[in-house]
file input_1.cif (mmCIF, C-alpha atoms and all ligand atoms)
data_query
#
loop_
_atom_site.group_PDB
_atom_site.id
_atom_site.type_symbol
_atom_site.label_atom_id
_atom_site.label_comp_id
_atom_site.auth_asym_id
_atom_site.auth_seq_id
_atom_site.Cartn_x
_atom_site.Cartn_y
_atom_site.Cartn_z
ATOM 1 C CA MET P 1 18.166 -86.643 30.216
ATOM 2 C CA HIS P 2 20.441 -85.422 33.008
ATOM 3 C CA ILE P 3 19.266 -82.672 35.310
ATOM 4 C CA ILE P 4 20.317 -79.163 34.530
ATOM 5 C CA GLY P 5 20.045 -76.664 37.337
ATOM 6 C CA ARG P 6 18.758 -73.693 35.478
ATOM 7 C CA ARG P 7 15.288 -73.649 34.072
ATOM 8 C CA TYR P 8 16.468 -71.615 31.127
ATOM 9 C CA SER P 9 18.955 -74.288 29.995
ATOM 10 C CA ARG P 10 16.477 -77.086 30.507
ATOM 11 C CA THR P 11 13.916 -75.393 28.316
ATOM 12 C CA ARG P 12 16.446 -74.699 25.623
ATOM 13 C CA SER P 13 17.730 -78.246 25.684
ATOM 14 C CA ALA P 14 14.206 -79.639 25.483
ATOM 15 C CA LYS P 15 13.428 -77.363 22.589
ATOM 16 C CA ARG P 16 16.540 -78.505 20.776
ATOM 17 C CA LYS P 17 15.615 -82.122 21.374
ATOM 18 C CA LEU P 18 12.079 -81.608 20.092
ATOM 19 C CA LYS P 19 13.393 -79.884 17.024
ATOM 20 C CA ARG P 20 15.761 -82.773 16.362
ATOM 21 C CA ILE P 21 12.867 -85.249 16.576
ATOM 22 C CA ALA P 22 10.730 -83.127 14.261
ATOM 23 C CA ASP P 23 13.594 -82.828 11.763
ATOM 24 C CA ASN P 24 14.095 -86.596 11.780
ATOM 25 C CA GLU P 25 10.414 -87.173 11.173
ATOM 26 C CA LYS P 26 10.455 -84.740 8.275
ATOM 27 C CA ARG P 27 13.481 -86.456 6.775
ATOM 28 C CA GLU P 28 11.889 -89.914 7.114
ATOM 29 C CA LYS P 29 8.691 -88.671 5.532
ATOM 30 C CA ARG P 30 10.544 -87.110 2.644
ATOM 31 C CA TYR P 31 12.451 -90.352 2.100
ATOM 32 C CA MET P 32 9.232 -92.410 2.074
ATOM 33 C CA THR P 33 7.589 -89.960 -0.321
ATOM 34 C CA ASP P 34 10.528 -90.293 -2.708
ATOM 35 C CA CYS P 35 10.374 -94.104 -2.500
ATOM 36 C CA ASN P 36 6.644 -94.095 -3.100
ATOM 37 C CA HIS P 37 6.985 -91.826 -6.122
ATOM 38 C CA CYS P 38 9.684 -94.013 -7.590
ATOM 39 C CA ILE P 39 7.804 -97.298 -7.068
ATOM 40 C CA THR P 40 4.365 -96.078 -8.169
ATOM 41 C CA LYS P 41 5.828 -94.473 -11.273
ATOM 42 C CA ARG P 42 7.336 -97.784 -12.345
ATOM 43 C CA LEU P 43 4.188 -99.724 -11.548
ATOM 44 C CA ALA P 44 1.980 -97.315 -13.497
ATOM 45 C CA ALA P 45 4.325 -97.525 -16.475
ATOM 46 C CA ASN P 46 3.992 -101.316 -16.761
ATOM 47 C CA ILE P 47 1.979 -101.757 -19.941
ATOM 48 C CA ASP P 48 1.380 -105.471 -19.313
ATOM 49 C CA VAL P 49 -0.792 -104.733 -16.302
ATOM 50 C CA GLN P 50 -4.501 -104.015 -16.383
ATOM 51 C CA THR P 51 -5.295 -104.191 -12.676
ATOM 52 C CA TYR P 52 -3.505 -103.753 -9.386
ATOM 53 C CA VAL P 53 -5.219 -105.316 -6.399
ATOM 54 C CA LEU P 54 -4.560 -103.825 -2.974
ATOM 55 C CA GLU P 55 -5.770 -104.778 0.450
ATOM 56 C CA ASP P 56 -8.213 -102.259 1.809
ATOM 57 C CA LEU P 57 -6.375 -101.135 4.914
ATOM 58 C CA THR P 58 -8.675 -98.267 5.839
ATOM 59 C CA GLY P 59 -9.750 -100.054 9.013
ATOM 60 C CA ILE P 60 -6.194 -100.645 10.136
ATOM 61 C CA ARG P 61 -5.169 -97.082 9.431
ATOM 62 C CA THR P 62 -7.858 -95.661 11.651
ATOM 63 C CA GLN P 63 -7.144 -97.928 14.613
ATOM 64 C CA LYS P 64 -6.149 -95.668 17.471
ATOM 65 C CA ASN P 65 -3.550 -97.927 19.054
ATOM 66 C CA LYS P 66 -1.658 -98.119 15.771
ATOM 67 C CA GLY P 67 -0.604 -94.514 15.807
ATOM 68 C CA LYS P 68 1.472 -94.507 18.962
ATOM 69 C CA LYS P 69 4.795 -95.658 17.646
ATOM 70 C CA PHE P 70 6.442 -93.557 15.011
ATOM 71 C CA ASN P 71 7.387 -96.459 12.748
ATOM 72 C CA SER P 72 3.912 -97.874 12.750
ATOM 73 C CA TRP P 73 2.470 -94.452 12.080
ATOM 74 C CA LEU P 74 4.975 -93.889 9.305
ATOM 75 C CA SER P 75 4.216 -97.182 7.609
ATOM 76 C CA SER P 76 0.443 -96.581 7.689
ATOM 77 C CA TRP P 77 0.945 -93.059 6.478
ATOM 78 C CA SER P 78 3.339 -94.286 3.831
ATOM 79 C CA PHE P 79 0.988 -96.971 2.546
ATOM 80 C CA ALA P 80 -1.916 -94.530 2.367
ATOM 81 C CA GLN P 81 0.283 -92.225 0.339
ATOM 82 C CA PHE P 82 1.492 -95.112 -1.838
ATOM 83 C CA GLU P 83 -2.093 -96.082 -2.614
ATOM 84 C CA GLN P 84 -3.096 -92.525 -3.449
ATOM 85 C CA GLN P 85 -0.099 -92.027 -5.744
ATOM 86 C CA LEU P 86 -0.617 -95.385 -7.451
ATOM 87 C CA LYS P 87 -4.273 -94.563 -8.092
ATOM 88 C CA TYR P 88 -3.718 -91.230 -9.761
ATOM 89 C CA LYS P 89 -0.749 -92.420 -11.813
ATOM 90 C CA CYS P 90 -2.558 -95.560 -12.951
ATOM 91 C CA GLU P 91 -5.573 -93.522 -13.962
ATOM 92 C CA LEU P 92 -3.368 -91.680 -16.444
ATOM 93 C CA HIS P 93 -2.269 -95.034 -17.903
ATOM 94 C CA ALA P 94 -5.769 -96.598 -17.879
ATOM 95 C CA ILE P 95 -4.764 -99.211 -15.301
ATOM 96 C CA ASN P 96 -7.338 -100.189 -12.671
ATOM 97 C CA VAL P 97 -6.502 -100.084 -8.984
ATOM 98 C CA VAL P 98 -8.982 -101.978 -6.822
ATOM 99 C CA ASN P 99 -9.238 -102.828 -3.143
ATOM 100 C CA ILE P 100 -10.317 -106.045 -1.510
ATOM 101 C CA SER P 101 -10.975 -106.947 2.109
ATOM 102 C CA PRO P 102 -7.787 -107.924 3.960
ATOM 103 C CA ARG P 103 -9.610 -110.604 5.974
ATOM 104 C CA TYR P 104 -7.514 -113.763 6.411
ATOM 105 C CA THR P 105 -5.310 -113.009 3.407
ATOM 106 C CA SER P 106 -2.199 -113.746 5.458
ATOM 107 C CA GLN P 107 -3.583 -116.828 7.237
ATOM 108 C CA THR P 108 -5.121 -118.623 4.257
ATOM 109 C CA CYS P 109 -3.168 -121.261 2.355
ATOM 110 C CA ASN P 110 -3.171 -120.319 -1.308
ATOM 111 C CA VAL P 111 -3.075 -123.996 -2.355
ATOM 112 C CA CYS P 112 -5.631 -125.799 -0.154
ATOM 113 C CA GLY P 113 -7.563 -122.725 0.972
ATOM 114 C CA ILE P 114 -7.593 -123.632 4.657
ATOM 115 C CA ILE P 115 -7.381 -120.687 7.087
ATOM 116 C CA ASP P 116 -4.994 -121.398 9.940
ATOM 117 C CA LYS P 117 -2.870 -118.835 11.703
ATOM 118 C CA GLU P 118 -0.521 -121.628 12.818
ATOM 119 C CA SER P 119 0.684 -121.853 9.220
ATOM 120 C CA ARG P 120 2.206 -118.417 9.327
ATOM 121 C CA ASN P 121 5.394 -117.701 11.192
ATOM 122 C CA LYS P 122 6.623 -114.165 10.527
ATOM 123 C CA SER P 123 7.793 -114.120 6.903
ATOM 124 C CA ARG P 124 7.410 -117.885 6.401
ATOM 125 C CA TYR P 125 4.221 -119.611 5.384
ATOM 126 C CA VAL P 126 4.163 -123.397 5.793
ATOM 127 C CA CYS P 127 0.660 -124.822 5.560
ATOM 128 C CA VAL P 128 0.036 -127.176 8.502
ATOM 129 C CA HIS P 129 -2.601 -128.979 6.414
ATOM 130 C CA CYS P 130 -1.128 -129.535 2.957
ATOM 131 C CA GLY P 131 2.534 -128.620 3.459
ATOM 132 C CA HIS P 132 2.539 -125.759 0.927
ATOM 133 C CA ARG P 133 5.531 -123.471 1.511
ATOM 134 C CA ASP P 134 5.944 -119.880 0.411
ATOM 135 C CA HIS P 135 7.110 -116.487 1.586
ATOM 136 C CA ALA P 136 4.243 -115.262 3.770
ATOM 137 C CA ASP P 137 3.861 -112.058 1.754
ATOM 138 C CA VAL P 138 3.809 -113.938 -1.558
ATOM 139 C CA ASN P 139 1.217 -116.401 -0.238
ATOM 140 C CA ALA P 140 -0.906 -113.459 0.995
ATOM 141 C CA ALA P 141 -0.472 -111.579 -2.282
ATOM 142 C CA LYS P 142 -1.704 -114.596 -4.251
ATOM 143 C CA ASN P 143 -4.737 -114.737 -1.968
ATOM 144 C CA ILE P 144 -5.404 -111.057 -2.641
ATOM 145 C CA ARG P 145 -5.224 -111.649 -6.393
ATOM 146 C CA ASP P 146 -7.435 -114.747 -6.215
ATOM 147 C CA THR P 147 -9.994 -113.149 -3.907
ATOM 148 C CA TYR P 148 -10.403 -110.344 -6.404
ATOM 149 C CA ALA P 149 -10.605 -112.733 -9.374
ATOM 150 C CA ARG P 150 -13.229 -114.858 -7.604
ATOM 151 C CA SER P 151 -15.326 -111.883 -6.557
ATOM 152 C CA LYS P 152 -15.338 -110.701 -10.150
ATOM 153 C CA GLN P 153 -16.278 -114.071 -11.573
ATOM 154 C CA SER P 154 -19.128 -114.527 -9.117
ATOM 155 C CA GLY P 155 -20.298 -110.999 -9.860
ATOM 156 C CA GLN P 156 -20.358 -110.060 -6.187
ATOM 157 C CA ALA P 157 -18.298 -106.962 -6.573
ATOM 158 C CA ALA P 158 -19.311 -103.961 -8.573
ATOM 159 C CA PHE P 159 -16.219 -103.941 -10.729
ATOM 160 C CA ASN P 160 -16.838 -103.096 -14.335
ATOM 161 C CA GLN P 161 -13.761 -104.444 -16.044
ATOM 162 C CA PRO P 162 -13.768 -107.251 -18.610
ATOM 163 C CA ILE P 163 -13.077 -110.756 -17.259
ATOM 164 C CA GLY P 164 -9.784 -112.382 -18.181
ATOM 165 C CA GLU P 165 -7.467 -109.441 -17.705
ATOM 166 C CA ALA P 166 -4.032 -109.860 -16.177
ATOM 167 C CA ILE P 167 -3.823 -109.259 -12.452
ATOM 168 C CA THR P 168 -0.641 -108.173 -10.769
ATOM 169 C CA ILE P 169 0.020 -108.251 -7.085
ATOM 170 C CA VAL P 170 1.040 -105.434 -4.815
ATOM 171 C CA GLN P 171 1.499 -106.206 -1.178
ATOM 172 C CA PRO P 172 2.545 -103.711 1.477
ATOM 173 C CA VAL P 173 5.790 -104.688 3.114
HETATM 174 ZN ZN ZN U 1 -2.526 -125.771 2.425
#
call {"tool": "encode", "arguments": {"input": "input_1.cif", "output": "structure tokens"}}
result
Amino acid sequence: MHIIGRRYSRTRSAKRKLKRIADNEKREKRYMTDCNHCITKRLAANIDVQTYVLEDLTGIRTQKNKGKKFNSWLSSWSFAQFEQQLKYKCELHAINVVNISPRYTSQTCNVCGIIDKESRNKSRYVCVHCGHRDHADVNAAKNIRDTYARSKQSGQAAFNQPIGEAITIVQPV
């Protein structure tokens, strides 16, 4: 910002700038809310689905260093809102929404099961052990689905749905 001699002008200019930032944030938030409503509505209306499995991102959301940048804050806020909307809409359609631990879901190979962060390079997943290739988000989403299915089969988790239901994947972008 260039220097303006009079205190009065500087204050007014700063106020205008702050207002512009606040307006942009409001607009972005409104846009994300609309997107979330649209997506969750469609997901909840899918009659072929019995369960949606989401990563439990509570820990990530409460990390202090995550909130500094607006985009990062917006995406955490947006995913929290997405989850909340999906849950209440799915409840109306008798679809389950469950959470699993996000540990290693993006580093684990969905084919050989080996955890290796070297296998993931941004959006690409190429397993350095068995050569399995996939979009990193798709590989992670399959791990989320399988982790949930395994935990149910072994009876570790306190989920009370019948075994053998269809599981669909939702992965935050
Ligand atoms: Zn592999």
call {"tool": "atom_distance", "arguments": {"input": "input_1.cif", "atom1": "atom ZN of ligand ZN 1 (chain U)", "atom2": "CA of Lys152 in chain P"}}
result
23.4 Å
call {"tool": "resolve_selection", "arguments": {"input": "input_1.cif", "expression": "the PyMOL selection byres (((chain P and resi 94) around 10) and not hetatm)", "output": "compact mmCIF listing (two decimals) with C-alpha atoms, in the frame of the given file"}}
result
# COMPACT_ATOMS: atom_id res chain seq x y z
CA ALA P 44 1.98 -97.32 -13.50
CA ILE P 47 1.98 -101.76 -19.94
CA VAL P 49 -0.79 -104.73 -16.30
CA GLN P 50 -4.50 -104.02 -16.38
CA THR P 51 -5.30 -104.19 -12.68
CA TYR P 88 -3.72 -91.23 -9.76
CA LYS P 89 -0.75 -92.42 -11.81
CA CYS P 90 -2.56 -95.56 -12.95
CA GLU P 91 -5.57 -93.52 -13.96
CA LEU P 92 -3.37 -91.68 -16.44
CA HIS P 93 -2.27 -95.03 -17.90
CA ILE P 95 -4.76 -99.21 -15.30
CA ASN P 96 -7.34 -100.19 -12.67
CA VAL P 97 -6.50 -100.08 -8.98
call {"tool": "residues_around", "arguments": {"input": "input_1.cif", "residues": "Glu28 in chain P", "least_positions_apart": "5", "cutoff": "10 Å", "atoms": "only C-alpha atoms", "output": "ChimeraX atom specification"}}
result
/P:22-23,33-34,71,74
call {"tool": "residues_near_ligand", "arguments": {"input": "input_1.cif", "ligand": "ligand ZN 1 (chain U)", "cutoff": "9 Å", "atoms": "all atoms listed in the file", "output": "PDB file with C-alpha atoms, keeping the file's coordinate frame"}}
result
ATOM      1  CA  THR P 108      -5.121-118.623   4.257  1.00  0.00           C
ATOM      2  CA  CYS P 109      -3.168-121.261   2.355  1.00  0.00           C
ATOM      3  CA  ASN P 110      -3.171-120.319  -1.308  1.00  0.00           C
ATOM      4  CA  VAL P 111      -3.075-123.996  -2.355  1.00  0.00           C
ATOM      5  CA  CYS P 112      -5.631-125.799  -0.154  1.00  0.00           C
ATOM      6  CA  GLY P 113      -7.563-122.725   0.972  1.00  0.00           C
ATOM      7  CA  ILE P 114      -7.593-123.632   4.657  1.00  0.00           C
ATOM      8  CA  ILE P 115      -7.381-120.687   7.087  1.00  0.00           C
ATOM      9  CA  SER P 119       0.684-121.853   9.220  1.00  0.00           C
ATOM     10  CA  VAL P 126       4.163-123.397   5.793  1.00  0.00           C
ATOM     11  CA  CYS P 127       0.660-124.822   5.560  1.00  0.00           C
ATOM     12  CA  VAL P 128       0.036-127.176   8.502  1.00  0.00           C
ATOM     13  CA  HIS P 129      -2.601-128.979   6.414  1.00  0.00           C
ATOM     14  CA  CYS P 130      -1.128-129.535   2.957  1.00  0.00           C
ATOM     15  CA  GLY P 131       2.534-128.620   3.459  1.00  0.00           C
ATOM     16  CA  HIS P 132       2.539-125.759   0.927  1.00  0.00           C
ATOM     17  CA  ARG P 133       5.531-123.471   1.511  1.00  0.00           C
TER      18      ARG P 133
END
call {"tool": "resolve_selection", "arguments": {"input": "input_1.cif", "expression": "the PyMOL selection byres (((chain P and resi 107) around 9) and not hetatm)", "output": "ChimeraX atom specification"}}
result
/P:103-106,108-109,114-120,125,136,139-140
call {"tool": "closest_residue", "arguments": {"input": "input_1.cif", "among": "P:Val138, P:Asn121, P:Tyr52, P:Trp73", "to": "Thr40 in chain P", "atoms": "all atoms listed in the file"}}
result
P:Tyr52
call {"tool": "atom_distance", "arguments": {"input": "input_1.cif", "atom1": "CA of Asp48 in chain P", "atom2": "CA of Ala149 in chain P"}}
result
17.2 Å
call {"tool": "atom_distance", "arguments": {"input": "input_1.cif", "atom1": "CA of Val98 in chain P", "atom2": "CA of Ile144 in chain P"}}
result
10.6 Å
call {"tool": "decode", "arguments": {"input": "input_1.cif", "residues": "range 24-104 of chain P", "atoms": "C-alpha atoms", "output": "PDB file, in the first residue's frame"}}
result
ATOM      1  CA  ASN P  24     -14.713 -11.812  -0.696  1.00  0.00           C
ATOM      2  CA  GLU P  25     -14.666 -14.254   2.183  1.00  0.00           C
ATOM      3  CA  LYS P  26     -18.436 -14.092   2.453  1.00  0.00           C
ATOM      4  CA  ARG P  27     -18.808 -14.701  -1.267  1.00  0.00           C
ATOM      5  CA  GLU P  28     -16.422 -17.685  -1.181  1.00  0.00           C
ATOM      6  CA  LYS P  29     -18.255 -19.151   1.780  1.00  0.00           C
ATOM      7  CA  ARG P  30     -21.606 -18.753   0.098  1.00  0.00           C
ATOM      8  CA  TYR P  31     -20.250 -20.438  -3.028  1.00  0.00           C
ATOM      9  CA  MET P  32     -18.891 -23.392  -1.021  1.00  0.00           C
ATOM     10  CA  THR P  33     -22.173 -23.728   0.862  1.00  0.00           C
ATOM     11  CA  ASP P  34     -24.068 -23.886  -2.429  1.00  0.00           C
ATOM     12  CA  CYS P  35     -21.659 -26.520  -3.786  1.00  0.00           C
ATOM     13  CA  ASN P  36     -21.946 -28.570  -0.626  1.00  0.00           C
ATOM     14  CA  HIS P  37     -25.738 -28.450  -0.716  1.00  0.00           C
ATOM     15  CA  CYS P  38     -25.790 -29.525  -4.331  1.00  0.00           C
ATOM     16  CA  ILE P  39     -23.341 -32.423  -3.877  1.00  0.00           C
ATOM     17  CA  THR P  40     -24.759 -33.757  -0.600  1.00  0.00           C
ATOM     18  CA  LYS P  41     -28.289 -33.627  -1.970  1.00  0.00           C
ATOM     19  CA  ARG P  42     -27.298 -35.830  -4.894  1.00  0.00           C
ATOM     20  CA  LEU P  43     -25.345 -38.223  -2.710  1.00  0.00           C
ATOM     21  CA  ALA P  44     -28.213 -38.610  -0.239  1.00  0.00           C
ATOM     22  CA  ALA P  45     -30.625 -39.277  -3.094  1.00  0.00           C
ATOM     23  CA  ASN P  46     -28.617 -42.246  -4.401  1.00  0.00           C
ATOM     24  CA  ILE P  47     -30.821 -45.208  -3.544  1.00  0.00           C
ATOM     25  CA  ASP P  48     -28.104 -47.754  -4.371  1.00  0.00           C
ATOM     26  CA  VAL P  49     -25.984 -46.620  -1.448  1.00  0.00           C
ATOM     27  CA  GLN P  50     -26.269 -47.881   2.102  1.00  0.00           C
ATOM     28  CA  THR P  51     -23.125 -46.372   3.600  1.00  0.00           C
ATOM     29  CA  TYR P  52     -20.819 -43.457   2.965  1.00  0.00           C
ATOM     30  CA  VAL P  53     -17.395 -43.738   4.547  1.00  0.00           C
ATOM     31  CA  LEU P  54     -15.535 -40.536   5.369  1.00  0.00           C
ATOM     32  CA  GLU P  55     -12.143 -39.918   6.853  1.00  0.00           C
ATOM     33  CA  ASP P  56     -12.387 -38.551  10.351  1.00  0.00           C
ATOM     34  CA  LEU P  57     -10.634 -35.232   9.907  1.00  0.00           C
ATOM     35  CA  THR P  58     -11.443 -33.787  13.318  1.00  0.00           C
ATOM     36  CA  GLY P  59      -7.771 -33.826  14.287  1.00  0.00           C
ATOM     37  CA  ILE P  60      -6.710 -31.984  11.168  1.00  0.00           C
ATOM     38  CA  ARG P  61      -9.422 -29.387  11.539  1.00  0.00           C
ATOM     39  CA  THR P  62      -8.314 -28.439  15.011  1.00  0.00           C
ATOM     40  CA  GLN P  63      -4.630 -28.101  14.155  1.00  0.00           C
ATOM     41  CA  LYS P  64      -3.697 -24.509  14.858  1.00  0.00           C
ATOM     42  CA  ASN P  65      -1.235 -24.033  12.017  1.00  0.00           C
ATOM     43  CA  LYS P  66      -3.880 -25.062   9.498  1.00  0.00           C
ATOM     44  CA  GLY P  67      -6.019 -22.022  10.035  1.00  0.00           C
ATOM     45  CA  LYS P  68      -3.586 -19.350   8.940  1.00  0.00           C
ATOM     46  CA  LYS P  69      -4.156 -19.325   5.229  1.00  0.00           C
ATOM     47  CA  PHE P  70      -7.607 -18.508   4.007  1.00  0.00           C
ATOM     48  CA  ASN P  71      -7.787 -21.328   1.468  1.00  0.00           C
ATOM     49  CA  SER P  72      -6.769 -23.934   3.967  1.00  0.00           C
ATOM     50  CA  TRP P  73      -9.236 -22.564   6.471  1.00  0.00           C
ATOM     51  CA  LEU P  74     -11.946 -22.503   3.835  1.00  0.00           C
ATOM     52  CA  SER P  75     -11.347 -26.083   2.776  1.00  0.00           C
ATOM     53  CA  SER P  76     -11.429 -27.370   6.373  1.00  0.00           C
ATOM     54  CA  TRP P  77     -14.500 -25.318   7.072  1.00  0.00           C
ATOM     55  CA  SER P  78     -16.051 -26.497   3.839  1.00  0.00           C
ATOM     56  CA  PHE P  79     -15.389 -30.167   4.530  1.00  0.00           C
ATOM     57  CA  ALA P  80     -16.806 -29.899   8.043  1.00  0.00           C
ATOM     58  CA  GLN P  81     -19.916 -28.355   6.558  1.00  0.00           C
ATOM     59  CA  PHE P  82     -20.050 -30.996   3.811  1.00  0.00           C
ATOM     60  CA  GLU P  83     -19.915 -33.760   6.406  1.00  0.00           C
ATOM     61  CA  GLN P  84     -22.620 -32.180   8.537  1.00  0.00           C
ATOM     62  CA  GLN P  85     -24.930 -31.677   5.553  1.00  0.00           C
ATOM     63  CA  LEU P  86     -24.314 -35.197   4.253  1.00  0.00           C
ATOM     64  CA  LYS P  87     -25.116 -36.663   7.667  1.00  0.00           C
ATOM     65  CA  TYR P  88     -28.448 -34.966   8.135  1.00  0.00           C
ATOM     66  CA  LYS P  89     -29.571 -35.532   4.549  1.00  0.00           C
ATOM     67  CA  CYS P  90     -28.553 -39.191   4.610  1.00  0.00           C
ATOM     68  CA  GLU P  91     -30.402 -39.705   7.864  1.00  0.00           C
ATOM     69  CA  LEU P  92     -33.607 -38.728   6.080  1.00  0.00           C
ATOM     70  CA  HIS P  93     -32.881 -41.361   3.409  1.00  0.00           C
ATOM     71  CA  ALA P  94     -31.755 -44.071   5.876  1.00  0.00           C
ATOM     72  CA  ILE P  95     -28.194 -44.047   4.532  1.00  0.00           C
ATOM     73  CA  ASN P  96     -25.355 -44.509   7.027  1.00  0.00           C
ATOM     74  CA  VAL P  97     -22.481 -42.056   7.193  1.00  0.00           C
ATOM     75  CA  VAL P  98     -19.488 -43.370   9.125  1.00  0.00           C
ATOM     76  CA  ASN P  99     -16.002 -42.100   9.868  1.00  0.00           C
ATOM     77  CA  ILE P 100     -12.739 -43.977   9.901  1.00  0.00           C
ATOM     78  CA  SER P 101      -9.248 -42.962  10.965  1.00  0.00           C
ATOM     79  CA  PRO P 102      -7.352 -41.169   8.185  1.00  0.00           C
ATOM     80  CA  ARG P 103      -4.054 -42.809   9.182  1.00  0.00           C
ATOM     81  CA  TYR P 104      -1.964 -43.818   6.153  1.00  0.00           C
TER      82      TYR P 104
END
